[in-house]
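Engineer: You'll find my_file-v4.cif just under this line, and it carries mmCIF, C-alpha atoms.
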data_final
#
loop_
_atom_site.label_atom_id
_atom_site.label_comp_id
_atom_site.auth_asym_id
_atom_site.auth_seq_id
_atom_site.Cartn_x
_atom_site.Cartn_y
_atom_site.Cartn_z
CA MET A 1326 78.04 114.24 129.87
CA GLN A 1327 80.96 111.86 130.34
CA SER A 1328 83.73 112.32 132.89
CA LEU A 1329 87.27 111.52 131.77
CA GLY A 1330 90.20 110.87 134.06
CA TYR A 1331 93.81 109.78 133.77
CA GLU A 1332 93.20 106.26 132.44
CA GLU A 1333 90.83 107.60 129.78
CA PHE A 1334 93.37 110.26 128.80
CA LEU A 1335 95.98 107.56 128.22
CA ASP A 1336 93.56 105.50 126.11
CA ILE A 1337 92.62 108.57 124.05
CA ALA A 1338 96.30 109.44 123.57
CA LEU A 1339 97.03 105.93 122.28
CA GLY A 1340 93.94 105.40 120.13
CA GLY A 1341 93.98 108.97 118.86
CA THR A 1342 97.60 108.69 117.75
CA ILE A 1343 96.71 105.67 115.63
CA LEU A 1344 93.69 107.50 114.17
CA GLY A 1345 95.97 110.49 113.49
CA THR A 1346 97.09 109.24 110.06
CA GLY A 1347 100.79 109.35 110.88
CA GLY A 1348 100.72 112.91 112.23
CA GLY A 1349 98.76 115.10 114.60
CA GLY A 1350 101.60 115.06 117.11
CA SER A 1351 103.72 112.27 118.51
CA HIS A 1352 102.27 109.82 121.03
CA ARG A 1353 105.05 110.98 123.35
CA THR A 1354 103.68 114.54 123.20
CA ALA A 1355 100.12 113.33 123.83
CA LYS A 1356 101.20 111.14 126.74
CA ALA A 1357 103.18 114.03 128.20
CA LEU A 1358 99.95 116.07 128.34
CA ALA A 1359 98.17 113.21 130.10
CA ASP A 1360 101.04 112.69 132.54
CA GLY A 1361 101.49 116.40 133.19
CA TRP A 1362 98.74 119.00 132.88
CA LEU A 1363 95.88 116.51 132.92
CA ARG A 1364 97.16 113.91 135.38
CA ARG A 1365 94.94 114.86 138.32
CA LYS A 1366 92.14 116.47 136.33
CA THR A 1367 88.62 115.30 135.51
CA ILE A 1368 87.26 116.64 132.23
CA GLN A 1369 83.63 116.70 131.09
CA THR A 1370 82.77 115.86 127.49
CA THR A 1371 79.39 116.07 125.84
CA PRO A 1372 78.00 114.54 122.64
CA LEU A 1373 77.79 116.87 119.67
CA SER A 1374 74.04 116.30 119.55
CA LYS A 1375 73.66 117.84 123.03
CA VAL A 1376 75.30 121.18 122.19
CA PRO A 1377 72.63 123.93 122.11
CA ALA A 1378 72.08 125.39 118.64
CA GLU A 1379 72.89 128.95 119.74
CA ALA A 1380 75.85 128.07 121.98
CA SER A 1381 79.24 129.53 121.08
CA VAL A 1382 81.80 126.91 120.07
CA VAL A 1383 85.50 127.40 119.32
CA VAL A 1384 88.00 124.94 117.87
CA VAL A 1385 91.17 124.56 119.97
CA ALA A 1386 94.41 122.90 118.88
CA GLY A 1387 98.15 122.77 119.14
CA MET A 1388 100.01 123.90 116.04
CA GLY A 1389 103.60 123.37 114.99
CA SER A 1390 106.15 121.32 113.15
CA PRO A 1391 106.43 117.65 114.20
CA GLU A 1392 110.08 118.07 115.19
CA ALA A 1393 109.48 121.21 117.26
CA MET A 1394 106.54 119.59 119.05
CA LEU A 1395 108.94 116.91 120.30
CA ARG A 1396 111.43 119.52 121.56
CA VAL A 1397 109.20 122.18 123.10
CA PRO A 1398 106.91 121.26 126.03
CA PHE A 1399 103.24 122.02 125.37
CA THR A 1400 101.83 123.66 128.49
CA THR A 1401 99.64 126.78 128.50
CA GLN A 1402 99.79 127.66 124.80
CA ALA A 1403 96.18 126.62 124.08
CA GLN A 1404 94.92 128.47 127.15
CA SER A 1405 96.60 131.65 125.88
CA ALA A 1406 94.97 131.32 122.47
CA PHE A 1407 91.54 130.55 123.95
CA ALA A 1408 91.62 133.53 126.33
CA SER A 1409 92.67 135.80 123.48
CA ILE A 1410 89.91 134.77 121.09
CA GLU A 1411 87.30 134.97 123.84
CA GLU A 1412 88.42 138.52 124.63
CA SER A 1413 88.52 139.42 120.94
CA MET A 1414 84.99 138.14 120.33
CA GLY A 1415 83.63 139.77 123.47
CA GLU A 1416 81.49 136.82 124.47
CA ARG A 1417 81.60 133.86 126.81
CA ILE A 1418 82.52 130.64 125.03
CA ARG A 1419 81.05 127.51 126.60
CA TYR A 1420 82.23 124.71 124.30
CA VAL A 1421 85.54 123.72 122.70
CA LEU A 1422 86.28 120.93 120.27
CA PRO A 1423 89.39 119.49 118.57
CA VAL A 1424 90.44 120.56 115.10
CA GLU A 1425 91.40 117.00 114.12
CA ALA A 1426 91.52 113.39 115.20
CA SER A 1427 94.84 112.77 116.92
CA GLY A 1428 96.04 111.78 120.36
CA PHE A 1429 97.67 115.14 120.98
CA ASN A 1430 94.92 117.34 119.56
CA PHE A 1431 92.14 115.38 121.25
CA LEU A 1432 93.79 116.28 124.56
CA THR A 1433 94.69 119.89 123.71
CA PRO A 1434 91.15 121.29 124.23
CA MET A 1435 91.11 119.43 127.54
CA THR A 1436 94.02 121.56 128.76
CA VAL A 1437 91.69 124.54 128.31
CA ALA A 1438 88.75 122.79 129.97
CA ALA A 1439 90.99 121.94 132.93
CA HIS A 1440 91.32 125.65 133.74
CA GLU A 1441 88.25 127.31 132.18
CA ALA A 1442 84.49 126.77 132.61
CA VAL A 1443 84.09 125.08 129.24
CA THR A 1444 82.96 121.65 128.07
CA VAL A 1445 84.79 119.57 125.47
CA VAL A 1446 82.59 118.36 122.60
CA ASP A 1447 83.04 114.70 121.61
CA ALA A 1448 83.70 115.52 117.96
CA ASP A 1449 86.29 117.06 115.67
CA CYS A 1450 86.56 118.97 112.40
CA ALA A 1451 88.12 116.32 110.17
CA GLY A 1452 87.91 112.76 111.55
CA ARG A 1453 91.63 112.49 110.76
CA ALA A 1454 94.74 114.60 111.28
CA ILE A 1455 95.37 117.39 108.74
CA PRO A 1456 98.38 119.51 107.76
CA ARG A 1457 96.44 122.63 106.74
CA LEU A 1458 93.61 124.45 108.46
CA ASN A 1459 91.53 124.61 105.29
CA GLN A 1460 91.39 120.80 105.07
CA THR A 1461 88.45 120.63 107.44
CA LEU A 1462 84.74 119.99 107.07
CA PRO A 1463 83.79 123.37 108.60
CA PHE A 1464 85.89 125.04 105.88
CA ALA A 1465 84.16 122.93 103.22
CA GLY A 1466 80.85 123.92 104.83
CA GLY A 1467 81.53 127.64 104.50
CA ILE A 1468 82.49 128.46 108.10
CA HIS A 1469 85.12 131.18 108.49
CA LEU A 1470 88.46 130.22 109.95
CA THR A 1471 88.85 133.61 111.61
CA PRO A 1472 88.90 135.38 113.95
CA MET A 1473 91.76 133.13 114.95
CA ALA A 1474 94.20 133.44 117.83
CA LEU A 1475 97.65 131.92 118.34
CA GLY A 1476 99.33 131.90 121.72
CA ASN A 1477 102.59 130.80 123.32
CA ALA A 1478 103.40 129.59 126.82
CA PRO A 1479 104.38 133.03 128.23
CA GLY A 1480 100.95 134.32 127.19
CA GLU A 1481 101.87 136.33 124.09
CA THR A 1482 99.11 136.15 121.49
CA VAL A 1483 98.30 137.16 117.93
CA VAL A 1484 94.72 137.62 116.69
CA ILE A 1485 94.04 137.33 112.96
CA ARG A 1486 90.92 138.68 111.26
CA THR A 1487 90.62 138.28 107.49
CA ASP A 1488 88.25 136.71 104.98
CA SER A 1489 91.22 135.39 102.98
CA TYR A 1490 92.39 131.92 103.95
CA ALA A 1491 95.70 132.42 102.12
CA LEU A 1492 96.41 135.57 104.13
CA ALA A 1493 95.30 133.94 107.39
CA GLU A 1494 97.67 131.02 106.77
CA LYS A 1495 100.54 133.36 105.88
CA LEU A 1496 100.05 135.44 109.03
CA ALA A 1497 99.61 132.35 111.22
CA LEU A 1498 102.81 130.77 109.92
CA SER A 1499 104.68 134.01 110.50
CA ALA A 1500 103.47 134.12 114.11
CA LEU A 1501 104.20 130.42 114.52
CA GLU A 1502 107.81 130.96 113.44
CA ASP A 1503 108.15 133.79 115.97
CA PHE A 1504 106.77 131.45 118.64
CA GLY A 1505 109.42 128.82 117.86
CA TRP A 1506 107.16 126.64 115.67
CA VAL A 1507 104.93 125.63 118.62
CA ALA A 1508 101.71 127.48 119.49
CA GLY A 1509 98.22 127.07 120.82
CA LEU A 1510 95.43 127.82 118.37
CA ALA A 1511 91.80 128.89 118.69
CA CYS A 1512 89.82 129.24 115.46
CA TYR A 1513 86.61 128.46 113.56
CA PRO A 1514 84.28 130.23 116.00
CA MET A 1515 80.77 128.94 115.28
CA LYS A 1516 77.39 128.24 116.78
CA GLY A 1517 76.32 124.81 117.94
CA SER A 1518 74.05 124.45 114.91
CA SER A 1519 77.03 124.91 112.56
CA ALA A 1520 79.14 122.43 114.52
CA LYS A 1521 76.37 119.84 114.23
CA ARG A 1522 76.13 120.48 110.49
CA THR A 1523 79.83 120.16 109.71
CA CYS A 1524 81.76 118.28 112.40
CA ILE A 1525 82.20 114.53 112.91
CA SER A 1526 80.72 113.27 116.15
CA GLY A 1527 81.99 110.63 118.55
CA THR A 1528 85.63 110.69 117.54
CA ILE A 1529 87.08 111.24 121.03
CA SER A 1530 85.04 108.28 122.29
CA LEU A 1531 86.26 106.16 119.38
CA ALA A 1532 89.88 106.99 120.18
CA GLY A 1533 89.31 105.96 123.79
CA GLU A 1534 87.73 102.68 122.70
CA VAL A 1535 90.65 101.92 120.36
CA GLY A 1536 93.20 102.68 123.08
CA LYS A 1537 91.33 100.54 125.60
CA ALA A 1538 91.08 97.64 123.11
CA ILE A 1539 94.85 97.76 122.60
CA ARG A 1540 95.53 97.93 126.33
CA GLU A 1541 93.28 94.95 127.03
CA ALA A 1542 94.70 92.91 124.14
CA ILE A 1543 98.25 93.47 125.39
CA ALA A 1544 97.23 92.58 128.96
CA SER A 1545 95.76 89.27 127.73
CA GLU A 1546 98.79 88.63 125.46
CA GLN A 1547 96.70 88.77 122.29
CA ASP A 1548 97.49 90.35 118.93
CA PRO A 1549 96.22 93.95 119.25
CA VAL A 1550 95.73 94.47 115.51
CA PRO A 1551 92.43 92.51 115.21
CA ALA A 1552 91.16 94.34 118.30
CA VAL A 1553 91.86 97.67 116.61
CA LEU A 1554 90.18 96.62 113.37
CA ARG A 1555 87.08 95.53 115.27
CA LYS A 1556 86.78 99.03 116.72
CA MET A 1557 87.83 101.11 113.70
CA GLY A 1558 86.95 98.95 110.74
CA GLY A 1559 89.25 99.24 107.75
CA ALA A 1560 91.82 96.91 106.24
CA ILE A 1561 95.50 96.04 106.49
CA LEU A 1562 97.62 97.33 103.61
CA VAL A 1563 100.76 95.60 104.83
CA ARG A 1564 102.32 94.07 107.90
CA GLY A 1565 106.07 94.16 107.84
CA THR A 1566 109.33 96.03 108.37
CA VAL A 1567 110.13 99.69 107.78
CA GLU A 1568 112.92 99.79 105.21
CA ARG A 1569 113.30 103.50 104.66
CA VAL A 1570 112.28 106.77 106.29
CA SER A 1571 112.99 110.02 104.47
CA THR A 1572 111.93 113.51 105.62
CA ASP A 1573 112.36 117.09 104.45
CA SER A 1574 111.17 119.91 106.74
CA LYS A 1575 110.05 123.26 105.39
CA GLY A 1576 108.72 125.57 108.10
CA SER A 1577 105.78 123.94 109.86
CA TYR A 1578 105.54 121.16 107.26
CA THR A 1579 107.50 117.92 107.13
CA PHE A 1580 107.32 116.04 103.86
CA GLY A 1581 108.01 112.36 104.33
CA LEU A 1582 108.32 109.01 102.61
CA VAL A 1583 108.13 105.64 104.37
CA ASP A 1584 108.75 102.29 102.70
CA VAL A 1585 107.43 99.12 104.34
CA ARG A 1586 108.33 95.63 103.11
CA GLY A 1587 105.78 92.92 103.86
CA ARG A 1588 106.51 89.84 105.96
CA GLY A 1589 104.68 86.57 106.55
CA GLU A 1590 101.41 86.49 104.61
CA TYR A 1591 102.31 89.94 103.20
CA ARG A 1592 105.62 88.75 101.78
CA GLY A 1593 106.12 90.25 98.33
CA CYS A 1594 104.05 93.31 99.21
CA HIS A 1595 105.71 96.72 99.24
CA VAL A 1596 103.91 99.83 100.52
CA ARG A 1597 105.16 103.38 100.15
CA VAL A 1598 103.45 106.06 102.25
CA MET A 1599 103.91 109.73 101.36
CA SER A 1600 103.08 112.42 103.89
CA MET A 1601 102.81 116.14 104.45
CA ASN A 1602 102.95 116.01 108.26
CA GLU A 1603 100.07 113.50 107.91
CA ASN A 1604 99.79 110.55 105.52
CA MET A 1605 98.30 111.60 102.19
CA ILE A 1606 98.77 108.68 99.81
CA ALA A 1607 99.81 105.02 100.01
CA TRP A 1608 101.13 103.07 97.04
CA ARG A 1609 101.07 99.28 97.16
CA ASN A 1610 103.31 97.54 94.66
CA ARG A 1611 103.50 100.82 92.72
CA ARG A 1612 99.72 101.30 92.49
CA PRO A 1613 97.70 103.83 94.51
CA ALA A 1614 96.02 102.00 97.39
CA ALA A 1615 94.69 104.84 99.56
CA LEU A 1616 94.22 108.59 99.13
CA ALA A 1617 93.40 111.39 101.56
CA PRO A 1618 90.86 112.05 102.95
CA ASP A 1619 90.90 108.27 103.57
CA ARG A 1620 92.94 107.54 106.67
CA ILE A 1621 96.31 105.80 106.34
CA CYS A 1622 97.31 104.81 109.86
CA TYR A 1623 100.30 103.18 111.55
CA MET A 1624 100.62 101.01 114.59
CA LYS A 1625 103.51 98.88 115.75
CA THR A 1626 102.91 95.15 115.83
CA ASP A 1627 103.27 95.18 119.63
CA GLY A 1628 100.31 97.58 119.87
CA SER A 1629 102.24 100.77 120.58
CA ALA A 1630 101.38 103.92 118.65
CA THR A 1631 103.79 105.52 116.22
CA THR A 1632 103.85 108.45 113.80
CA ASN A 1633 105.97 109.73 110.96
CA ALA A 1634 108.03 111.65 113.52
CA ASP A 1635 108.76 108.44 115.45
CA LEU A 1636 109.27 105.80 112.74
CA LYS A 1637 112.72 104.45 112.01
CA PRO A 1638 114.14 101.67 109.85
CA ASP A 1639 113.61 98.10 111.12
CA ASP A 1640 110.45 99.02 113.05
CA GLU A 1641 107.82 96.28 112.79
CA VAL A 1642 104.58 97.97 111.79
CA VAL A 1643 101.11 97.49 110.40
CA VAL A 1644 99.79 100.00 107.87
CA LEU A 1645 96.00 100.30 108.05
CA VAL A 1646 93.55 102.08 105.80
CA LEU A 1647 90.18 103.38 106.95
CA GLU A 1648 87.87 105.02 104.48
CA ALA A 1649 86.91 108.62 105.16
CA GLN A 1650 83.62 109.32 106.89
CA LYS A 1651 80.59 110.02 104.70
CA GLU A 1652 80.94 113.75 105.35
CA TRP A 1653 84.08 113.74 103.15
CA ARG A 1654 82.43 112.20 100.08
CA SER A 1655 81.39 115.45 98.36
CA LYS A 1656 83.70 116.86 95.70
CA ALA A 1657 84.00 120.11 97.65
CA ALA A 1658 85.28 118.25 100.71
CA SER A 1659 87.52 115.57 99.17
CA GLY A 1660 88.87 118.16 96.71
CA LEU A 1661 90.56 119.99 99.59
CA PHE A 1662 93.37 117.42 99.34
CA SER A 1663 93.75 117.54 95.53
CA ASP A 1664 96.67 119.98 95.39
CA THR A 1665 98.62 118.01 98.00
CA LEU A 1666 98.04 114.71 96.18
CA ARG A 1667 98.93 116.25 92.83
CA ALA A 1668 102.27 117.41 94.24
CA MET A 1669 102.91 113.81 95.35
CA GLY A 1670 102.41 112.38 91.88
CA TYR A 1671 98.70 111.58 91.90
CA PRO A 1672 96.83 113.91 89.51
CA GLY A 1673 93.50 112.07 89.53
CA ARG A 1674 90.29 112.43 91.50
CA TYR A 1675 89.58 110.90 94.90
CA VAL A 1676 88.73 107.19 94.74
CA PRO A 1677 87.71 105.33 97.92
CA ALA A 1678 90.26 102.83 99.21
CA ARG A 1679 88.01 99.79 98.82
CA LYS A 1680 87.74 100.53 95.09
CA LEU A 1681 91.47 101.16 94.70
CA LEU A 1682 92.27 97.89 96.48
CA ARG A 1683 89.80 96.01 94.30
CA MET A 1684 91.35 97.56 91.18
CA GLY A 1685 94.81 96.62 92.43
CA LYS A 1686 93.81 92.98 92.91
CA SER A 1687 92.29 92.87 89.44
CA ALA A 1688 95.45 94.33 87.92
CA GLY A 1689 97.56 91.87 89.89
#
For the file at hand, write its structure as structure tokens.
Structural biologist:
Amino acid sequence: MQSLGYEEFLDIALGGTILGTGGGGSHRTAKALADGWLRRKTIQTTPLSKVPAEASVVVVAGMGSPEAMLRVPFTTQAQSAFASIEESMGERIRYVLPVEASGFNFLTPMTVAAHEAVTVVDADCAGRAIPRLNQTLPFAGGIHLTPMALGNAPGETVVIRTDSYALAEKLALSALEDFGWVAGLACYPMKGSSAKRTCISGTISLAGEVGKAIREAIASEQDPVPAVLRKMGGAILVRGTVERVSTDSKGSYTFGLVDVRGRGEYRGCHVRVMSMNENMIAWRNRRPAALAPDRICYMKTDGSATTNADLKPDDEVVVLVLEAQKEWRSKAASGLFSDTLRAMGYPGRYVPARKLLRMGKSAG
């Protein structure tokens, strides 16, 4: 077990936002959770390997459009959803884990643990932030999304039971609209053995380490970017200035385009990032450079976290690419992003970023 307090929450909010592939909630929303509901709390986390095989585990998250999440305070929504699914299942749930890697959704299960006798598992379902609930490793591993509960701050809830993902998504989006495009979510009920088989371990700890590395680099007046790369691995696609930010919101999804023009050693390099809430594809000098499920991440050159909801022209940013974890390498898993990529102009199969970058250099 590891005990987390306020300083750790802030580090997780910062590092998790960078790991969140341009989405997963604004850093402002994540920090608001740390400063508010979690400020005086101590939360226990446990490694995925320590979860008993027969223990009941539920995934907890915040759900909504990026714009609405900035407008509507996130308070007891996740608690409402958790209580509802526990009642619906008729059993005591002992463990919760995040649906994705992001500053906001790493902290969301902790709002439940702050008020319920549950432990947060140091893991998540995707190792990155995701726009759709079927773009997870549990889904690829055959685990049912439902029963699923959505809840709002006043405590109103909706429980969905269906074997059809399409119907579950349709019903969830309908409830989400009625809740003002912000809701707590509890889904993917599973046993500890299934969580160990499908989820990615250690991601909350990694976010905390990344946030701490940035904090310490800033305190010592050093460039935070190398500190982040030492913790996360990966490569820099470009370091430069945001030239253009374009968004189009449709319900809970925001489709975006960000153009970054390289400066300094990246002069002459142009990167275009296309997103569906989260970053899905990056083009460098008109060639594909990174594809989901690989992680296309932003950070400002001063070390602060930023997302697609926060970026604006003239921001100085670094665009990083981290290859997806090994769990994503199967066709069944990486293929969960194919339709999204196809709609963004990439009809091909998933190719790891290191190979795309090597191909780009050869072509150049």
Engineer: So which residues touch Gly1505 (chain A) within 10 Å, counting all atoms listed in the file, skipping near sequence neighbours fewer than 4 positions away, as a list in words?
Structural biologist: Gly1389, Ser1390, Ala1393, Met1394, Val1397, Asn1477, Ala1500 and Leu1501 of chain A
Engineer: Could you tell me which of A:Ala1634, A:Val1385, A:Leu1496, A:Val1646 comes closest to Phe1580 (chain A) if we count all atoms listed in the file?
Structural biologist: A:Ala1634
Engineer: Up to 9 Å from (107.8, 121.3, 107.2) in the file's coordinates: name the residues, counting only C-alpha atoms, as a PyMOL selection string.
Structural biologist: chain A and resi 1390-1392+1572-1580+1601-1602
Engineer: With all atoms listed in the file as the atoms that count, which of A:Ile1368, A:Val1583, A:Leu1329, A:Val1446 lies nearest to Met1599 (chain A)?
Structural biologist: A:Val1583
Engineer: Can you list, as a CSV table (one decimal) with C-alpha atoms, keeping the file's coordinate frame, every protein, DNA or RNA residue that comes within 10 Å of Arg1679 (chain A) when you count all atoms listed in the file, leaving out same-chain residues fewer than 6 positions away?
Structural biologist:
chain,number,residue,atom,x,y,z
A,1559,GLY,CA,89.2,99.2,107.8
A,1560,ALA,CA,91.8,96.9,106.2
A,1614,ALA,CA,96.0,102.0,97.4
A,1615,ALA,CA,94.7,104.8,99.6
A,1646,VAL,CA,93.6,102.1,105.8
A,1647,LEU,CA,90.2,103.4,107.0
A,1648,GLU,CA,87.9,105.0,104.5
A,1685,GLY,CA,94.8,96.6,92.4
Engineer: Once the PyMOL selection byres ((chain A and resi 1442) around 10) has been evaluated on this model, what residues remain selected, and can you format them as a compact mmCIF listing (two decimals) with C-alpha atoms, in the coordinates of the input?
Structural biologist:
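Listing of part15.txt after writing:
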# COMPACT_ATOMS: atom_id res chain seq x y z
CA ARG A 1417 81.60 133.86 126.81
CA ILE A 1418 82.52 130.64 125.03
CA ARG A 1419 81.05 127.51 126.60
CA TYR A 1420 82.23 124.71 124.30
CA VAL A 1437 91.69 124.54 128.31
CA ALA A 1438 88.75 122.79 129.97
CA ALA A 1439 90.99 121.94 132.93
CA HIS A 1440 91.32 125.65 133.74
CA GLU A 1441 88.25 127.31 132.18
CA VAL A 1443 84.09 125.08 129.24
CA THR A 1444 82.96 121.65 128.07
Engineer: Quick check on the file I pasted: which residues fall under the PyMOL selection byres ((chain A and resi 1664-1678) around 9)? Write them as a PyMOL selection string.
Structural biologist: chain A and resi 1599-1601+1605-1606+1613-1619+1646-1649+1654+1656+1659-1663+1679-1683
Engineer: Using only C-alpha atoms for the distances, tell me which of A:Gly1581, A:Gly1628, A:Gly1466, A:Gly1565 is nearest to Ala1552 (chain A).
Structural biologist: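 Under the stated criterion, the closest residue is A:Gly1628.
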Engineer: Would you pick out the contacts of region 1341-1357 of chain A at 8 Å or less, using all atoms listed in the file, so that residues sharing its chain but fewer than 6 positions from it are not included, and give the list as a ChimeraX atom specification?
Structural biologist: /A:1335,1391,1394-1395,1398-1399,1425-1432,1453-1455,1529,1532-1533,1535-1536,1600,1602-1604,1620-1624,1630-1635
